[in-house]
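J.: Got a structure for you, start-v9.cif, holding mmCIF, C-alpha atoms and all ligand atoms.
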```
data_upload
loop_
_atom_site.label_atom_id
_atom_site.label_comp_id
_atom_site.auth_asym_id
_atom_site.auth_seq_id
_atom_site.Cartn_x
_atom_site.Cartn_y
_atom_site.Cartn_z
CA MET A 1 -123.50 68.90 144.05
CA GLN A 2 -126.35 71.38 144.36
CA LEU A 3 -127.72 72.70 147.67
CA ILE A 4 -131.42 73.53 147.61
CA ALA A 5 -133.37 74.99 150.53
CA SER A 6 -136.52 76.01 148.65
CA ILE A 7 -139.37 73.47 148.63
CA ALA A 8 -140.79 74.88 145.38
CA GLN A 9 -137.41 74.74 143.65
CA MET A 10 -136.75 71.16 144.81
CA GLN A 11 -140.19 70.00 143.72
CA SER A 12 -140.14 71.64 140.28
CA LEU A 13 -136.63 70.33 139.60
CA ALA A 14 -137.68 66.81 140.66
CA LEU A 15 -140.78 66.93 138.45
CA ALA A 16 -138.71 68.16 135.47
CA LEU A 17 -136.12 65.43 135.98
CA LYS A 18 -138.85 62.78 136.17
CA GLN A 19 -140.28 64.12 132.91
CA GLN A 20 -136.88 63.44 131.37
CA GLY A 21 -137.18 59.84 132.58
CA LYS A 22 -134.65 60.16 135.41
CA HIS A 23 -134.89 57.65 138.26
CA ILE A 24 -134.60 59.51 141.59
CA ALA A 25 -133.06 57.79 144.62
CA PHE A 26 -133.67 59.54 147.93
CA VAL A 27 -132.10 59.31 151.38
CA PRO A 28 -133.99 61.35 154.00
CA THR A 29 -131.92 62.15 157.10
CA MET A 30 -131.70 64.53 160.02
CA GLY A 31 -128.03 65.11 159.24
CA PHE A 32 -124.89 64.56 161.36
CA LEU A 33 -124.13 61.82 158.88
CA HIS A 34 -122.23 58.67 159.76
CA GLU A 35 -121.21 55.49 158.00
CA GLY A 36 -124.79 54.15 158.29
CA HIS A 37 -126.07 57.08 156.21
CA ALA A 38 -123.11 56.72 153.83
CA SER A 39 -124.12 53.10 153.16
CA LEU A 40 -127.62 54.29 152.18
CA LEU A 41 -126.16 57.00 149.95
CA ARG A 42 -123.81 54.58 148.18
CA GLU A 43 -126.67 52.17 147.50
CA GLY A 44 -128.84 55.08 146.30
CA ARG A 45 -126.02 56.18 144.00
CA ARG A 46 -125.84 52.67 142.55
CA ARG A 47 -129.58 52.43 141.97
CA GLY A 48 -130.66 55.92 140.88
CA ASP A 49 -129.82 58.28 138.01
CA LEU A 50 -130.09 61.12 140.47
CA LEU A 51 -129.31 60.96 144.20
CA VAL A 52 -131.06 63.34 146.59
CA LEU A 53 -130.17 63.64 150.28
CA SER A 54 -132.39 65.63 152.60
CA ILE A 55 -131.10 67.07 155.85
CA PHE A 56 -133.90 68.25 158.08
CA VAL A 57 -134.15 67.98 161.86
CA ASN A 58 -137.88 67.41 161.93
CA PRO A 59 -139.36 69.20 164.97
CA ILE A 60 -142.69 67.34 164.91
CA GLN A 61 -141.12 63.95 165.61
CA PHE A 62 -139.56 65.14 168.90
CA GLY A 63 -141.50 65.10 172.18
CA ALA A 64 -141.57 68.10 174.52
CA ASN A 65 -138.72 66.80 176.72
CA GLU A 66 -136.60 65.31 173.98
CA ASP A 67 -133.37 66.44 172.33
CA LEU A 68 -134.61 68.66 169.45
CA GLU A 69 -132.55 71.67 170.53
CA ARG A 70 -129.33 69.80 171.16
CA TYR A 71 -129.63 67.31 168.26
CA PRO A 72 -126.12 67.31 166.73
CA ARG A 73 -125.66 69.33 163.55
CA ASP A 74 -122.65 69.79 161.24
CA MET A 75 -123.68 70.90 157.76
CA GLU A 76 -120.12 71.38 156.50
CA ARG A 77 -119.08 67.84 157.37
CA ASP A 78 -122.39 66.45 156.08
CA CYS A 79 -121.82 68.13 152.70
CA ARG A 80 -118.32 66.65 152.54
CA ILE A 81 -119.66 63.14 153.16
CA ALA A 82 -122.50 63.73 150.70
CA ALA A 83 -120.06 64.80 147.98
CA GLU A 84 -117.87 61.75 148.66
CA CYS A 85 -120.92 59.51 148.24
CA GLY A 86 -121.87 61.10 144.91
CA VAL A 87 -124.97 63.00 146.06
CA ASP A 88 -126.41 65.26 143.33
CA ILE A 89 -128.73 67.39 145.44
CA VAL A 90 -128.72 68.18 149.16
CA PHE A 91 -132.17 69.40 150.15
CA THR A 92 -132.21 71.47 153.35
CA PRO A 93 -135.65 72.98 153.93
CA ALA A 94 -136.31 75.30 156.86
CA ALA A 95 -138.77 74.23 159.55
CA ALA A 96 -140.87 77.35 158.98
CA ALA A 97 -141.23 76.43 155.31
CA MET A 98 -142.06 72.79 156.03
CA TYR A 99 -144.60 73.72 158.73
CA PRO A 100 -145.90 77.21 157.99
CA ALA A 101 -148.59 78.85 160.13
CA GLY A 102 -151.85 76.99 159.65
CA PHE A 103 -150.23 73.60 159.00
CA GLN A 104 -152.63 70.98 160.39
CA THR A 105 -152.29 67.71 158.48
CA SER A 106 -150.83 64.54 159.90
CA ILE A 107 -150.25 61.00 158.68
CA SER A 108 -150.93 58.39 161.32
CA VAL A 109 -150.17 54.68 160.94
CA ARG A 110 -152.29 53.05 163.63
CA GLU A 111 -151.35 49.55 164.81
CA LEU A 112 -147.65 49.47 163.93
CA THR A 113 -146.97 52.60 165.95
CA ARG A 114 -148.55 51.42 169.23
CA PRO A 115 -145.72 49.28 170.70
CA LEU A 116 -141.98 49.78 171.22
CA CYS A 117 -140.79 53.33 170.40
CA GLY A 118 -144.39 54.35 169.71
CA ALA A 119 -145.31 53.58 173.34
CA SER A 120 -142.30 55.45 174.78
CA ARG A 121 -142.47 58.38 172.36
CA PRO A 122 -146.13 59.31 171.82
CA GLY A 123 -146.65 61.17 168.54
CA HIS A 124 -143.14 60.37 167.30
CA PHE A 125 -144.21 58.18 164.37
CA ASP A 126 -146.97 60.57 163.29
CA GLY A 127 -144.20 63.16 162.99
CA VAL A 128 -141.99 60.74 161.04
CA ALA A 129 -144.77 59.55 158.69
CA THR A 130 -145.93 63.12 158.07
CA VAL A 131 -142.48 64.47 157.21
CA VAL A 132 -141.55 61.45 155.07
CA GLY A 133 -144.87 61.69 153.19
CA LYS A 134 -144.24 65.39 152.65
CA LEU A 135 -140.63 64.84 151.56
CA PHE A 136 -141.79 62.15 149.12
CA ASN A 137 -144.18 64.70 147.56
CA ILE A 138 -141.41 67.28 147.27
CA VAL A 139 -138.54 65.05 146.09
CA GLN A 140 -140.67 62.68 143.95
CA PRO A 141 -138.38 59.70 144.52
CA ASP A 142 -138.72 56.37 142.73
CA LEU A 143 -136.67 54.77 145.49
CA ALA A 144 -136.12 55.77 149.14
CA LEU A 145 -133.55 54.17 151.42
CA PHE A 146 -133.76 53.76 155.21
CA GLY A 147 -131.63 51.95 157.81
CA THR A 148 -133.00 48.93 159.67
CA LYS A 149 -131.62 50.21 162.96
CA ASP A 150 -134.88 52.17 163.09
CA TYR A 151 -136.77 48.95 162.44
CA GLN A 152 -140.19 50.20 163.51
CA GLN A 153 -139.74 53.42 161.53
CA LEU A 154 -139.01 51.37 158.41
CA ALA A 155 -142.12 49.21 159.03
CA VAL A 156 -144.24 52.36 159.46
CA ILE A 157 -142.88 53.94 156.28
CA ARG A 158 -143.44 50.74 154.27
CA ARG A 159 -147.04 50.58 155.57
CA MET A 160 -147.73 54.25 154.84
CA THR A 161 -146.28 53.96 151.33
CA ALA A 162 -148.42 50.89 150.56
CA ASP A 163 -151.59 52.19 152.25
CA LEU A 164 -151.44 55.57 150.52
CA SER A 165 -150.39 54.07 147.15
CA MET A 166 -147.25 56.19 147.02
CA PRO A 167 -145.22 55.25 143.93
CA VAL A 168 -142.00 54.82 145.89
CA THR A 169 -139.97 51.64 146.42
CA VAL A 170 -138.84 51.60 150.06
CA VAL A 171 -135.49 49.90 150.59
CA GLY A 172 -134.28 48.80 154.05
CA MET A 173 -130.51 48.60 154.47
CA PRO A 174 -128.58 46.59 157.09
CA ILE A 175 -127.51 48.13 160.41
CA VAL A 176 -123.96 49.49 160.24
CA ARG A 177 -121.95 48.90 163.41
CA GLU A 178 -118.73 50.29 164.85
CA ALA A 179 -115.84 47.78 165.02
CA ASP A 180 -116.88 46.84 168.59
CA GLY A 181 -120.54 46.30 167.62
CA LEU A 182 -122.22 49.54 168.68
CA ALA A 183 -124.89 50.39 166.10
CA MET A 184 -124.05 53.68 164.40
CA SER A 185 -126.30 56.57 165.39
CA SER A 186 -126.02 60.34 165.35
CA ARG A 187 -126.95 60.21 169.04
CA ASN A 188 -123.77 58.23 169.87
CA ALA A 189 -122.14 61.69 169.83
CA TYR A 190 -123.84 62.38 173.20
CA LEU A 191 -121.99 59.51 174.95
CA SER A 192 -119.05 60.20 177.27
CA PRO A 193 -116.13 57.74 176.91
CA ASP A 194 -117.44 55.72 179.89
CA GLU A 195 -120.97 55.70 178.51
CA ARG A 196 -119.64 54.66 175.10
CA GLN A 197 -118.23 51.53 176.81
CA SER A 198 -121.46 50.91 178.73
CA ALA A 199 -123.44 51.18 175.48
CA LEU A 200 -121.86 47.94 174.29
CA CYS A 201 -124.29 46.06 176.53
CA LEU A 202 -126.95 46.36 173.78
CA TYR A 203 -124.79 44.44 171.33
CA ARG A 204 -123.74 41.95 174.03
CA ALA A 205 -127.42 41.23 174.73
CA ILE A 206 -128.15 40.79 171.02
CA ASN A 207 -125.25 38.39 170.60
CA ALA A 208 -126.21 36.36 173.67
CA VAL A 209 -129.78 35.97 172.43
CA ARG A 210 -128.62 35.06 168.93
CA ALA A 211 -126.24 32.44 170.34
CA MET A 212 -129.01 30.90 172.50
CA TYR A 213 -131.37 30.87 169.52
CA THR A 214 -128.75 29.21 167.31
CA ALA A 215 -128.23 26.59 170.03
CA GLY A 216 -131.95 25.77 169.85
CA GLU A 217 -133.58 27.94 172.57
CA ARG A 218 -137.07 29.01 171.49
CA SER A 219 -138.55 30.26 174.78
CA VAL A 220 -139.13 34.00 174.61
CA ALA A 221 -139.13 34.15 178.44
CA LEU A 222 -135.67 32.57 178.70
CA LEU A 223 -134.22 34.64 175.87
CA LEU A 224 -135.65 37.77 177.48
CA ASP A 225 -134.18 36.85 180.91
CA SER A 226 -130.76 36.49 179.40
CA ALA A 227 -130.87 39.79 177.48
CA GLN A 228 -132.23 41.69 180.50
CA ALA A 229 -129.59 40.21 182.81
CA ILE A 230 -126.80 41.37 180.49
CA ILE A 231 -128.13 44.91 180.32
CA ARG A 232 -128.81 45.10 184.05
CA GLN A 233 -125.16 44.23 184.74
CA GLU A 234 -124.34 47.67 183.36
CA PRO A 235 -124.93 50.31 186.08
CA ALA A 236 -125.33 53.18 183.57
CA ALA A 237 -128.00 51.31 181.56
CA GLU A 238 -131.74 51.58 182.06
CA ILE A 239 -134.06 49.49 179.90
CA ASP A 240 -136.86 51.45 178.23
CA TYR A 241 -138.12 48.35 176.43
CA LEU A 242 -136.69 44.99 175.45
CA GLU A 243 -139.16 42.87 173.54
CA PHE A 244 -139.61 40.01 171.14
CA ARG A 245 -142.09 40.80 168.37
CA ASP A 246 -143.23 39.40 165.06
CA GLY A 247 -140.84 40.88 162.48
CA GLU A 248 -143.71 41.78 160.12
CA THR A 249 -146.70 42.78 162.24
CA LEU A 250 -144.75 43.82 165.37
CA GLU A 251 -147.26 41.83 167.45
CA THR A 252 -145.91 40.20 170.62
CA ALA A 253 -144.08 36.96 169.83
CA ALA A 254 -145.19 33.90 171.84
CA THR A 255 -142.22 31.78 170.75
CA ALA A 256 -139.03 32.66 168.96
CA VAL A 257 -138.90 31.60 165.31
CA ASP A 258 -136.83 32.65 162.31
CA GLY A 259 -137.76 36.26 161.62
CA THR A 260 -138.73 37.11 165.22
CA LEU A 261 -137.56 40.61 166.07
CA LEU A 262 -135.63 41.39 169.25
CA ALA A 263 -135.97 45.15 169.66
CA MET A 264 -134.62 47.28 172.49
CA ALA A 265 -134.35 50.84 173.64
CA VAL A 266 -131.91 51.42 176.48
CA LYS A 267 -130.95 54.65 178.18
CA ILE A 268 -127.23 55.03 178.78
CA GLY A 269 -127.06 57.96 181.16
CA LYS A 270 -129.31 60.52 179.47
CA THR A 271 -128.92 59.06 175.96
CA ARG A 272 -131.58 56.71 174.62
CA LEU A 273 -130.17 54.16 172.18
CA ILE A 274 -132.06 51.63 170.08
CA ASP A 275 -130.92 48.41 168.48
CA ASN A 276 -132.49 45.26 167.12
CA THR A 277 -131.91 41.94 165.43
CA LEU A 278 -133.99 39.43 163.49
CA LEU A 279 -133.47 35.90 164.81
CA GLY A 280 -132.33 33.34 162.26
CA LYS A 281 -131.24 36.09 159.88
CA GLU A 282 -127.83 37.60 159.26
CA LEU A 283 -126.71 40.18 161.81
O1 LIG A 301 -134.41 58.39 160.58
C1 LIG A 301 -134.38 59.63 160.50
O2 LIG A 301 -133.31 60.24 160.41
C2 LIG A 301 -135.68 60.42 160.53
O3 LIG A 301 -136.60 59.82 161.37
C3 LIG A 301 -136.28 60.67 159.13
C4 LIG A 301 -136.67 59.37 158.44
C5 LIG A 301 -135.27 61.41 158.26
C6 LIG A 301 -137.53 61.52 159.25
O4 LIG A 301 -137.26 62.74 159.86
#
```
Show me this structure written as structure tokens.

T.:
Amino acid sequence: MQLIASIAQMQSLALALKQQGKHIAFVPTMGFLHEGHASLLREGRRRGDLLVLSIFVNPIQFGANEDLERYPRDMERDCRIAAECGVDIVFTPAAAAMYPAGFQTSISVRELTRPLCGASRPGHFDGVATVVGKLFNIVQPDLALFGTKDYQQLAVIRRMTADLSMPVTVVGMPIVREADGLAMSSRNAYLSPDERQSALCLYRAINAVRAMYTAGERSVALLLDSAQAIIRQEPAAEIDYLEFRDGETLETAATAVDGTLLAMAVKIGKTRLIDNTLLGKEL
């Protein structure tokens, strides 16, 4: 496994490998890898001749009062997991190289970024789209893999890739959960043991809504009431948003149908967690 920090070196190697007909699979991450990332890496290993992992805590996708400084980092452990998953290249650019003085270009995906996390985190998705677009230019992937826990992020990246005719196949992979249902996230590391228990209310709400939907309930208002009630039972939890949206367009859903998205962001203490499910689809 090769570690590359230089943008120029990564890009010229990627271009040379493509010239040799190699199929590059790419997993962009901010590090502090968990089983969710490992599932992306394993799938990338299966589908690509060459597997590239990037680890870059992208400053431009964090708001002024967010957790950029304390975002968890553990390069040694990340490299161990990467090696176990068969990664060929770990790309670790420096922020100053990614955004040198004078940097002033941004990719903005308009409609899809207005609701949900886009409403709570202004500028966040411009930062994500810009870094992913830039990483695609550097790593030259044929295939890039993302988790569906960040459902809106995946929708934004798919839209950007299609709109800007980027020759990259974007693959969304299922949410990976802990044994008790908590969706895996690097930010789970912030939770105290009590908060870790409280955080299960997100999964409880998802399961309650899925059970109601399976039993025939199609009223968004009633499904919403039930999910909100479950989360409000948890004193440490504060709902940022909890919404039913069209799974493709992310427009507000009037009624629940197969493919309707239930998306939520909930603060547990100081930690903001997101989770989602598509009704009528596998969990
Ligand atoms: O999902 C993430 O870890 C990040 O948003 C991404 C896609 C690596 C961009 O910084």

J.: Kindly assemble as a Markdown table a list of the chain A residues that lie within 8 Å of ligand LIG 301 (chain A), each paired with its nearest atom pair and their distance in Å to one decimal, using all atoms listed in the file, sorted first by chain and then by ascending residue number.

T.:
```
| residue | atom | partner | partner_atom | distance |
| --- | --- | --- | --- | --- |
| A:Val27 | CA | A:LIG301 | C5 | 7.9 |
| A:Pro28 | CA | A:LIG301 | C5 | 4.4 |
| A:Thr29 | CA | A:LIG301 | C5 | 3.6 |
| A:Met30 | CA | A:LIG301 | O2 | 4.6 |
| A:Gly31 | CA | A:LIG301 | O2 | 7.3 |
| A:Ser54 | CA | A:LIG301 | C5 | 7.6 |
| A:Ile55 | CA | A:LIG301 | C5 | 7.4 |
| A:Phe56 | CA | A:LIG301 | O4 | 6.7 |
| A:Val57 | CA | A:LIG301 | O4 | 6.4 |
| A:Asn58 | CA | A:LIG301 | O4 | 5.1 |
| A:Gln61 | CA | A:LIG301 | O4 | 7.0 |
| A:Gly127 | CA | A:LIG301 | O4 | 7.6 |
| A:Val128 | CA | A:LIG301 | C6 | 4.9 |
| A:Ala129 | CA | A:LIG301 | C6 | 7.5 |
| A:Val131 | CA | A:LIG301 | O4 | 6.1 |
| A:Val132 | CA | A:LIG301 | C6 | 5.8 |
| A:Phe146 | CA | A:LIG301 | C4 | 7.1 |
| A:Gly147 | CA | A:LIG301 | O1 | 7.5 |
| A:Asp150 | CA | A:LIG301 | O1 | 6.7 |
| A:Gln153 | CA | A:LIG301 | O3 | 7.1 |
```

J.: So for region 76-87 of chain A, what box centre and size do we get, axis-aligned, 4 Å extra on each of the six sides, every listed atom, Å to one decimal, as AutoDock Vina command-line options?

T.:
```
--center_x -121.4 --center_y 65.4 --center_z 151.1 --size_x 15.1 --size_y 19.9 --size_z 20.5
```

J.: Skipping near chain neighbours, those fewer than 5 positions away, what residues fall within 9 Å of Ala254 (chain A) using only C-alpha atoms, listed as a PyMOL selection string?

T.: chain A and resi 219-221+244-246

J.: Might you pull out every residue within 6 Å of region 177-191 of chain A, with all atoms listed in the file counted and same-chain residues fewer than 5 positions away left off, and present them as a ChimeraX atom specification?

T.: /A:32,196,200,203

J.: Can you pull out the residues contacting Leu116 (chain A)? Cut-off 12 Å, using only C-alpha atoms, and skip same-chain residues under 4 positions away; I want them as an MDAnalysis selection string.

T.: chainID A and resid 111:112 120:122 124:125 150:153 239:245 250:252 261:266 274:276

J.: Compute the distance from (-141.1, 56.7, 149.4) to each atom, counting all atoms listed in the file, keep the residues with any atom at most 10 Å away, and return them as a ChimeraX atom specification; use the coordinates of the file.

T.: /A:25-28,132-137,139-146,157-158,160-162,165-171

J.: Please dump the current selection as an mmCIF file, in the frame of the given file; keep C-alpha atoms.

T.:
```cif
data_model
loop_
_atom_site.group_PDB
_atom_site.id
_atom_site.type_symbol
_atom_site.label_atom_id
_atom_site.label_comp_id
_atom_site.auth_asym_id
_atom_site.auth_seq_id
_atom_site.Cartn_x
_atom_site.Cartn_y
_atom_site.Cartn_z
ATOM 1 C CA ALA A 25 -133.060 57.790 144.620
ATOM 2 C CA PHE A 26 -133.670 59.540 147.930
ATOM 3 C CA VAL A 27 -132.100 59.310 151.380
ATOM 4 C CA PRO A 28 -133.990 61.350 154.000
ATOM 5 C CA VAL A 132 -141.550 61.450 155.070
ATOM 6 C CA GLY A 133 -144.870 61.690 153.190
ATOM 7 C CA LYS A 134 -144.240 65.390 152.650
ATOM 8 C CA LEU A 135 -140.630 64.840 151.560
ATOM 9 C CA PHE A 136 -141.790 62.150 149.120
ATOM 10 C CA ASN A 137 -144.180 64.700 147.560
ATOM 11 C CA VAL A 139 -138.540 65.050 146.090
ATOM 12 C CA GLN A 140 -140.670 62.680 143.950
ATOM 13 C CA PRO A 141 -138.380 59.700 144.520
ATOM 14 C CA ASP A 142 -138.720 56.370 142.730
ATOM 15 C CA LEU A 143 -136.670 54.770 145.490
ATOM 16 C CA ALA A 144 -136.120 55.770 149.140
ATOM 17 C CA LEU A 145 -133.550 54.170 151.420
ATOM 18 C CA PHE A 146 -133.760 53.760 155.210
ATOM 19 C CA ILE A 157 -142.880 53.940 156.280
ATOM 20 C CA ARG A 158 -143.440 50.740 154.270
ATOM 21 C CA MET A 160 -147.730 54.250 154.840
ATOM 22 C CA THR A 161 -146.280 53.960 151.330
ATOM 23 C CA ALA A 162 -148.420 50.890 150.560
ATOM 24 C CA SER A 165 -150.390 54.070 147.150
ATOM 25 C CA MET A 166 -147.250 56.190 147.020
ATOM 26 C CA PRO A 167 -145.220 55.250 143.930
ATOM 27 C CA VAL A 168 -142.000 54.820 145.890
ATOM 28 C CA THR A 169 -139.970 51.640 146.420
ATOM 29 C CA VAL A 170 -138.840 51.600 150.060
ATOM 30 C CA VAL A 171 -135.490 49.900 150.590
#
```

J.: So how far away is CA of Asp194 (chain A) from CA of Ile230 (chain A), in Å?

T.: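 Going from CA of Ile230 (chain A) over to CA of Asp194 (chain A), I get 17.1 Å.
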
J.: In terms of the shortest atom-to-atom distance over only C-alpha atoms, which of A:Met75, A:Val87, A:Ala82, A:Ile7 is closest to Gly48 (chain A)?

T.: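 Using only C-alpha atoms, Gly48 (chain A) sits closest to A:Val87.
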
J.: One decimal, Å: what's the distance from CA of Ala208 (chain A) over to CA of Leu33 (chain A), could you say?

T.: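 Computed distance, CA of Ala208 (chain A) to CA of Leu33 (chain A), equals 29.5 Å.
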
J.: For CA of Gly172 (chain A) and CA of His37 (chain A), determine how far apart the two atoms are, in Å to one decimal place.

T.: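 CA of Gly172 (chain A) sits 11.9 Å away from CA of His37 (chain A).
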
J.: Would you please work out which residue, of A:Thr92, A:Glu35, A:Ile268, A:Glu282, is nearest to Pro193 (chain A) when using all atoms listed in the file?

T.: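 Of the candidates, the smallest distance to Pro193 (chain A) is held by A:Ile268.
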
J.: Identify which of the residues A:Val257, A:Leu17, A:Ala236, A:Leu50 lies closest to Gly216 (chain A), counting all atoms listed in the file when measuring atom-to-atom distances.

T.: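 Distance minimum relative to Gly216 (chain A) lands on A:Val257.
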
J.: Counting all atoms listed in the file, which residue out of A:Arg73, A:Arg159, A:His23, A:Arg47 sits closest to Thr113 (chain A)?

T.: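 Going through A:Arg73, A:Arg159, A:His23, A:Arg47 one by one, the smallest distance to Thr113 (chain A) is for A:Arg159.
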
J.: Pick from A:Ala8, A:Ile60, A:Leu68, A:Leu164: nearest to Gln104 (chain A), with only C-alpha atoms counted?

T.: A:Ile60

J.: Quick one: residues within 12 Å of (-133.5, 74.3, 142.7) (file frame), counting only C-alpha atoms, please, as number ranges by chain.

T.: A: 1-17, 52, 88-93, 138-139

J.: Which of these residues is nearest to Asp49 (chain A), using all atoms listed in the file: A:Leu223, A:Ile24, A:Cys201, A:Ala155?

T.: A:Ile24

J.: Excluding same-chain residues fewer than 4 positions from Leu222 (chain A), what lies within 12 Å of it counting all atoms listed in the file, as a list in words?

T.: Ala208, Val209, Met212, Tyr213, Gly216, Glu217, Arg218, Ser226, Ala227, Gln228, Ala229, Phe244, Ala254, Thr255 and Ala256 of chain A
